[in-house]
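Structure first, commentary second.
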Amino acid sequence: MYSAEIMAGLLFLLLLVGLAFLLTFTRTIYAKKQESEPKNLPHGSMGWPLLGETLAFLKPHKSNSVGHFLQDHCLRYGKIFKSHLFGSPTIVSCDHEFNMFILQNEEKLFQVSYPKPIHGILGKFSLLTISGELHKKLRNIAVSFIATAKSTQDFLLYVEKLSISMMNSWKGCTEIAFHKEIKRLLLSIEPEDPLALNILEDFLTYMNGFVSLPINIPGTAYSNAVKARRRLSSIVRGVMREREGKMDLMELRRKEDFLDVLMSKRKLSDEETVSIVLDILLGGYETTATLLALIVYFLAQSPNAFQTLKEEHQAIREKKENGEPLNWEDYQQMEFTSYVICEAMRCGNVVKFVHRKALDQDINFKGFVIPSGWKVLPVFTAAHFNPFLHENPSEFNPWRWTDKGMSKRVTPFGGGPRLCPGAELAKVEIAFFLHHLVLTYRWKTKSDDFPLAYPYVEFRQGLLLEIEPSRNLN
């Protein structure tokens with residue numbers, strides 16, 4: 001009989017031979033595919049067999065930069081290049097003009113095309129993944145509610161109440177983990193509420209699954225994210241059943257809660273309703289919390305911007321009675337606040353890129369051919385740091401937004417038919433929060449705590465802030 005050491009050695013040798021065969025086979029397939037590629041395909045590299053360049057593309061880097069991968073590839077191949085990402089041959093665009101061309105030709109030349117594993121996390125009715133008439137129907141419902149809600153006094157009072165509550169909770173604190181705290185605020189979570197804390201934990205698990213390896217084995221980040229979505233869906237369905245048991249249709253219509261509005265739409269299935277609720281929570285919670293954290297981070301690095309912002313809000317507060325709440329007219333006066341929000345979006349890049357694919361025909365652009373069926377990734381970050389579009393692009397400079405043409409040179413909220421439906425709602429929430437924050441506190445960040453793109457944005461230490469009461473507290 002062979003010894004255990006010999007058997008182990010033979011097994012290892014067989015594995016090496018098998019791996020060598022697999023690599024040779026896949027390289028041969030790659031070579032044949034490259035021979036059949038159109039001659040005018042953008043230059044680039046397809047990377048490793050099977051993996052392509054996905055791992056290098058997703059390597060974490062400071063979110064206020066393009067990262068080594070994009071910088072290196074743009075220098076080598078130009079702003080439009082080919083690669084192999086997320087399991088598919090892909091055209092990557094760091095060209096602002098081509099990015100806008102892609103977004104404006106949604107459903108004409110291009111279509112949303114997220115990797116299949118993402119569907120397992122988001123569900124089959126998510127606004128991020130669906131297209132065509134179904135997307136139009138569900139998006140119109142969300143847009144209709146948001147457009148009505150953003151300026152109602154009830155909503156504004158609710159946002160301000162949450163903001164004041166957060167300011168009060170920090171009294172006596174010298175250090176806070178801002179990113180975590182603001183997420184708790186936006187979900188209206190009380191520290192002692194165990195169910196609400198479980199919801200927050202599920203949301204964090206849900207988010208982590210977006211950039212995990214799509215391996216649905218118990219214990220993996222992907223598997224945990226799929227399970228977290230099921231639990232969140234179950235909670236939403238439970239709330240729906242509770243409301244259905246207590247209210248008739250007319251009572252539902254009198255309510256202003258988003259879920260009530262959705263439930264009054266008889267054309268929506270329960271699954272569609274749950275998906276829209278989770279989409280709104282995902283967008284309104286995760287992206288708004290991250291944008292607020294980025295603003296706080298950049299303001300700490302820019303004393304002049306902080307002071308100008310504070311003066312704007314002091315002027316608004318001085319015109320109001322003591323304790324008088326903010327209103328829609330006050331929000332419309334927050335011009336510099338709007339500049340700060342937009343500049344933080346440009347510098348921080350909450351959304352680095354989106355997934356699209358070319359539809360039924362090859363597409364010609366600037367002499368390049370984008371083959372039918374290929375994935376296309378418009379990378380917004382690259383345009384946001386393009387020195388030909390923005391002077392000193394790495395500098396946080398809200399005053400650059402006095403130039404009304406700036407909005408045409410950035411895509412912080414996407415564009416075309418998929419322009420973020422909640423963009424204005426998020427701006428209102430952030431503006432009201434900043435009003436109370438800059439009038440109540442001042443803060444410093446840690447030197448080694450900065451935003452990283454995974455590609456979703458996260459802070460190394462949760463954005464730890466040293467805080468103290470404002471000297472000019474009103």
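Following the order of the structure tokens, chains are lettered A, B, ..., residues in each are numbered from 1, and ligands are numbered from 1.
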_Can you tell me, as an MDAnalysis selection string, which residues in region 127-360 of chain A count as alpha helix (DSSP H) by DSSP?_
chainID A and resid 132:149 153:169 178:186 194:208 221:246 249:254 258:263 270:281 288:301 303:318 328:332 335:348
Only C-alpha atoms, please: the residues just picked out, written as a compact mmCIF listing (two decimals), in the first residue's frame.
```
# COMPACT_ATOMS: atom_id res chain seq x y z
CA GLY A 132 -38.83 48.30 -20.21
CA GLU A 133 -42.46 48.96 -19.31
CA LEU A 134 -42.19 47.33 -15.89
CA HIS A 135 -39.41 49.75 -14.93
CA LYS A 136 -41.45 52.71 -16.16
CA LYS A 137 -44.50 51.61 -14.14
CA LEU A 138 -42.70 51.04 -10.85
CA ARG A 139 -40.43 54.09 -11.21
CA ASN A 140 -43.40 56.38 -11.94
CA ILE A 141 -45.06 55.27 -8.70
CA ALA A 142 -41.91 56.03 -6.69
CA VAL A 143 -41.34 59.38 -8.45
CA SER A 144 -44.96 60.44 -7.91
CA PHE A 145 -44.79 59.88 -4.17
CA ILE A 146 -41.37 61.50 -3.75
CA ALA A 147 -42.34 64.59 -5.78
CA THR A 148 -45.36 65.12 -3.52
CA ALA A 149 -43.69 64.30 -0.21
CA GLN A 153 -44.76 70.34 5.94
CA ASP A 154 -45.35 66.97 7.61
CA PHE A 155 -42.30 65.50 5.91
CA LEU A 156 -40.16 68.58 6.63
CA LEU A 157 -41.16 68.54 10.30
CA TYR A 158 -40.33 64.84 10.52
CA VAL A 159 -36.86 65.36 9.00
CA GLU A 160 -36.15 68.28 11.33
CA LYS A 161 -37.35 66.35 14.38
CA LEU A 162 -34.91 63.53 13.55
CA SER A 163 -32.07 66.02 13.07
CA ILE A 164 -32.69 67.77 16.40
CA SER A 165 -32.98 64.40 18.13
CA MET A 166 -29.55 63.43 16.84
CA MET A 167 -28.01 66.74 17.96
CA ASN A 168 -29.43 66.22 21.46
CA SER A 169 -28.15 62.63 21.64
CA PHE A 178 -20.60 59.48 12.55
CA HIS A 179 -21.28 57.08 9.67
CA LYS A 180 -22.88 54.51 12.00
CA GLU A 181 -24.80 57.18 13.91
CA ILE A 182 -26.28 58.72 10.78
CA LYS A 183 -27.42 55.32 9.50
CA ARG A 184 -29.27 54.81 12.77
CA LEU A 185 -30.86 58.24 12.39
CA LEU A 186 -32.12 57.62 8.85
CA PRO A 194 -33.61 45.27 19.55
CA LEU A 195 -35.84 44.68 16.49
CA ALA A 196 -34.73 47.93 14.87
CA LEU A 197 -31.09 47.09 15.56
CA ASN A 198 -31.60 43.72 13.85
CA ILE A 199 -32.98 45.59 10.83
CA LEU A 200 -29.85 47.78 10.77
CA GLU A 201 -27.64 44.69 10.98
CA ASP A 202 -29.56 43.06 8.12
CA PHE A 203 -29.10 46.18 6.01
CA LEU A 204 -25.35 46.13 6.57
CA THR A 205 -25.26 42.43 5.63
CA TYR A 206 -27.44 43.19 2.60
CA MET A 207 -24.99 45.90 1.42
CA ASN A 208 -21.88 43.77 1.94
CA ALA A 221 -21.13 37.08 2.47
CA TYR A 222 -23.29 36.45 -0.61
CA SER A 223 -25.39 33.78 1.09
CA ASN A 224 -25.79 35.99 4.18
CA ALA A 225 -26.96 38.90 2.00
CA VAL A 226 -29.59 36.76 0.26
CA LYS A 227 -30.87 35.61 3.67
CA ALA A 228 -30.84 39.19 4.99
CA ARG A 229 -33.03 40.31 2.10
CA ARG A 230 -35.49 37.52 2.85
CA ARG A 231 -35.71 38.66 6.47
CA LEU A 232 -36.20 42.31 5.44
CA SER A 233 -38.87 41.25 2.91
CA SER A 234 -40.62 39.27 5.64
CA ILE A 235 -40.69 42.34 7.91
CA VAL A 236 -42.22 44.51 5.15
CA ARG A 237 -44.85 41.83 4.40
CA GLY A 238 -45.67 41.65 8.10
CA VAL A 239 -46.29 45.40 8.22
CA MET A 240 -48.45 45.11 5.08
CA ARG A 241 -50.61 42.37 6.62
CA GLU A 242 -51.02 44.39 9.81
CA ARG A 243 -52.20 47.44 7.91
CA GLU A 244 -54.51 45.45 5.65
CA GLY A 245 -56.21 44.10 8.75
CA LYS A 246 -56.81 47.54 10.23
CA LEU A 249 -58.87 51.17 0.92
CA MET A 250 -60.23 54.66 1.61
CA GLU A 251 -58.31 54.87 4.88
CA LEU A 252 -55.12 53.84 3.07
CA ARG A 253 -55.59 56.63 0.54
CA ARG A 254 -55.83 59.23 3.29
CA PHE A 258 -45.05 55.54 1.28
CA LEU A 259 -46.08 51.95 2.03
CA ASP A 260 -49.72 53.03 2.34
CA VAL A 261 -49.55 54.69 -1.07
CA LEU A 262 -48.07 51.55 -2.63
CA MET A 263 -50.71 49.33 -1.03
CA ASP A 270 -47.11 42.05 -2.99
CA GLU A 271 -43.69 41.15 -4.38
CA GLU A 272 -43.53 44.35 -6.44
CA THR A 273 -44.54 46.40 -3.41
CA VAL A 274 -41.87 44.79 -1.21
CA SER A 275 -39.19 45.38 -3.87
CA ILE A 276 -40.01 49.09 -4.22
CA VAL A 277 -39.98 49.55 -0.43
CA LEU A 278 -36.55 47.90 -0.17
CA ASP A 279 -35.26 49.96 -3.12
CA ILE A 280 -36.39 53.19 -1.46
CA LEU A 281 -34.82 52.11 1.83
CA THR A 288 -27.99 59.40 1.87
CA ALA A 289 -26.08 58.27 4.96
CA THR A 290 -22.88 57.89 2.95
CA LEU A 291 -23.29 61.27 1.25
CA LEU A 292 -23.82 62.96 4.61
CA ALA A 293 -20.69 61.29 5.97
CA LEU A 294 -18.71 62.49 2.93
CA ILE A 295 -19.95 66.06 3.41
CA VAL A 296 -18.93 66.04 7.08
CA TYR A 297 -15.54 64.61 6.12
CA PHE A 298 -14.85 67.20 3.39
CA LEU A 299 -16.06 70.12 5.54
CA ALA A 300 -13.53 69.11 8.20
CA GLN A 301 -10.79 69.47 5.55
CA PRO A 303 -12.54 75.45 7.06
CA ASN A 304 -13.54 78.16 4.57
CA ALA A 305 -16.38 76.05 3.19
CA PHE A 306 -17.51 75.19 6.72
CA GLN A 307 -17.58 78.86 7.73
CA THR A 308 -19.48 79.95 4.61
CA LEU A 309 -22.02 77.16 5.15
CA LYS A 310 -22.46 78.14 8.79
CA GLU A 311 -23.01 81.80 7.90
CA GLU A 312 -25.71 80.83 5.40
CA HIS A 313 -27.59 78.87 8.05
CA GLN A 314 -27.10 81.54 10.71
CA ALA A 315 -28.73 84.06 8.35
CA ILE A 316 -31.72 81.74 7.87
CA ARG A 317 -32.05 81.08 11.61
CA GLU A 318 -31.86 84.80 12.51
CA TRP A 328 -39.73 74.78 2.04
CA GLU A 329 -38.94 78.48 1.51
CA ASP A 330 -35.97 78.17 3.88
CA TYR A 331 -34.69 75.20 1.89
CA GLN A 332 -34.85 77.22 -1.34
CA GLU A 335 -27.81 77.94 -2.15
CA PHE A 336 -24.31 77.30 -0.78
CA THR A 337 -25.65 74.19 0.96
CA SER A 338 -26.65 72.88 -2.46
CA TYR A 339 -23.13 73.58 -3.74
CA VAL A 340 -21.64 71.64 -0.82
CA ILE A 341 -23.89 68.64 -1.46
CA CYS A 342 -23.11 68.53 -5.18
CA GLU A 343 -19.36 68.96 -4.65
CA ALA A 344 -19.31 66.13 -2.08
CA MET A 345 -21.06 63.93 -4.64
CA ARG A 346 -18.43 64.81 -7.24
CA CYS A 347 -15.46 64.31 -4.91
CA GLY A 348 -16.76 61.36 -2.89
```
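Backbone DSSP assigns strand (DSSP E) in region 249-391 of chain A to Arg356, Lys357, Ala358, Ile363, Asn364, Phe365, Phe368, Val369, Ile370, Lys375, Val376, Leu377 and Pro378 of chain A.
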Between region 329-401 of chain A and region 447-466 of chain A, at 9 Å or less, what are the per-residue closest atom pairs and their distances in Å? Count only C-alpha atoms, order by chain and rising residue number, and return it as CSV.
```
residue,atom,partner,partner_atom,distance
A:Gly348,CA,A:Pro451,CA,7.5
A:Asn349,CA,A:Val457,CA,7.8
A:Val350,CA,A:Val457,CA,6.0
A:Val351,CA,A:Tyr456,CA,7.0
A:Lys352,CA,A:Pro455,CA,6.6
A:Phe353,CA,A:Pro455,CA,8.6
```
Suppose we keep N, CA and C atoms; can you now write the selection as a PDB file, in the first residue's frame?
```pdb
ATOM      1  N   GLY A 348     -16.662  62.601  -3.660  1.00  0.00           N
ATOM      2  CA  GLY A 348     -16.756  61.362  -2.893  1.00  0.00           C
ATOM      3  C   GLY A 348     -17.229  60.161  -3.675  1.00  0.00           C
ATOM      4  N   ASN A 349     -18.016  60.398  -4.731  1.00  0.00           N
ATOM      5  CA  ASN A 349     -18.450  59.333  -5.645  1.00  0.00           C
ATOM      6  C   ASN A 349     -19.160  58.178  -4.935  1.00  0.00           C
ATOM      7  N   VAL A 350     -20.362  58.465  -4.463  1.00  0.00           N
ATOM      8  CA  VAL A 350     -21.184  57.430  -3.831  1.00  0.00           C
ATOM      9  C   VAL A 350     -21.462  56.304  -4.819  1.00  0.00           C
ATOM     10  N   VAL A 351     -21.726  56.663  -6.069  1.00  0.00           N
ATOM     11  CA  VAL A 351     -21.925  55.671  -7.136  1.00  0.00           C
ATOM     12  C   VAL A 351     -20.766  55.790  -8.117  1.00  0.00           C
ATOM     13  N   LYS A 352     -19.910  54.775  -8.155  1.00  0.00           N
ATOM     14  CA  LYS A 352     -18.710  54.828  -8.989  1.00  0.00           C
ATOM     15  C   LYS A 352     -19.019  54.524 -10.452  1.00  0.00           C
ATOM     16  N   PHE A 353     -19.886  53.542 -10.704  1.00  0.00           N
ATOM     17  CA  PHE A 353     -20.212  53.132 -12.076  1.00  0.00           C
ATOM     18  C   PHE A 353     -21.554  52.414 -12.063  1.00  0.00           C
TER      19      PHE A 353
END
```
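Across A:Glu106, A:Glu286, A:Asp95, A:Glu424, the tightest approach to Phe81 (chain A) is made by A:Asp95 when counting only C-alpha atoms.
Among the candidates A:Gly422, A:Gly209, A:Pro49, A:Pro378, the one nearest to Lys79 (chain A) when counting only C-alpha atoms is A:Pro378.
Distance annotation: of A:Gln111, A:Ser302, A:Ser470, A:Asn322, the residue with the minimal separation from Pro398 (chain A) is A:Ser302; atom set is only C-alpha atoms.
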*Write out as an MDAnalysis selection string the residues lying within 9 Å of Leu359 (chain A), counting only C-alpha atoms and excluding same-chain residues fewer than 4 positions away.*
chainID A and resid 107:111 363 371:374
Write the residues of the selection above to a file with N, CA, C and O atoms, as a compact mmCIF listing (two decimals), in the first residue's frame.
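Dumped everything to part.txt:
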```txt
# COMPACT_ATOMS: atom_id res chain seq x y z
N GLU A 107 -32.54 51.80 -23.27
CA GLU A 107 -33.64 51.09 -23.96
C GLU A 107 -33.66 51.32 -25.47
O GLU A 107 -34.51 50.78 -26.17
N LYS A 108 -32.74 52.13 -25.99
CA LYS A 108 -32.61 52.32 -27.43
C LYS A 108 -31.41 51.54 -27.95
O LYS A 108 -31.53 50.67 -28.82
N LEU A 109 -30.24 51.87 -27.40
CA LEU A 109 -29.00 51.18 -27.79
C LEU A 109 -28.42 50.36 -26.64
O LEU A 109 -27.68 49.41 -26.87
N PHE A 110 -28.77 50.74 -25.40
CA PHE A 110 -28.23 50.08 -24.22
C PHE A 110 -29.35 49.70 -23.27
O PHE A 110 -30.44 50.28 -23.31
N GLN A 111 -29.04 48.77 -22.39
CA GLN A 111 -30.03 48.32 -21.40
C GLN A 111 -29.30 47.95 -20.11
O GLN A 111 -28.15 47.51 -20.14
N ILE A 363 -22.49 49.07 -32.00
CA ILE A 363 -22.62 50.51 -31.85
C ILE A 363 -21.29 51.17 -32.20
O ILE A 363 -20.22 50.74 -31.74
N PRO A 371 -19.43 45.90 -29.54
CA PRO A 371 -20.17 44.77 -30.09
C PRO A 371 -21.50 44.52 -29.37
O PRO A 371 -21.63 44.73 -28.16
N SER A 372 -22.48 44.10 -30.13
CA SER A 372 -23.79 43.73 -29.58
C SER A 372 -23.62 42.67 -28.49
O SER A 372 -22.87 41.70 -28.65
N GLY A 373 -24.30 42.86 -27.38
CA GLY A 373 -24.27 41.89 -26.29
C GLY A 373 -23.16 42.10 -25.29
O GLY A 373 -23.16 41.50 -24.21
N TRP A 374 -22.17 42.96 -25.61
CA TRP A 374 -21.07 43.21 -24.66
C TRP A 374 -21.57 44.08 -23.51
O TRP A 374 -22.42 44.97 -23.69
```
*asked:* Applying 10 Å and only C-alpha atoms, which residues near Gly78 (chain A) remain after dropping the ones on its own chain fewer than 6 positions away? List them as a count of residues only.
replied: 9
*Measure the distance from CA of Ser65 (chain A) to CA of Lys404 (chain A) in Å and round it to one decimal.*
23.9 Å
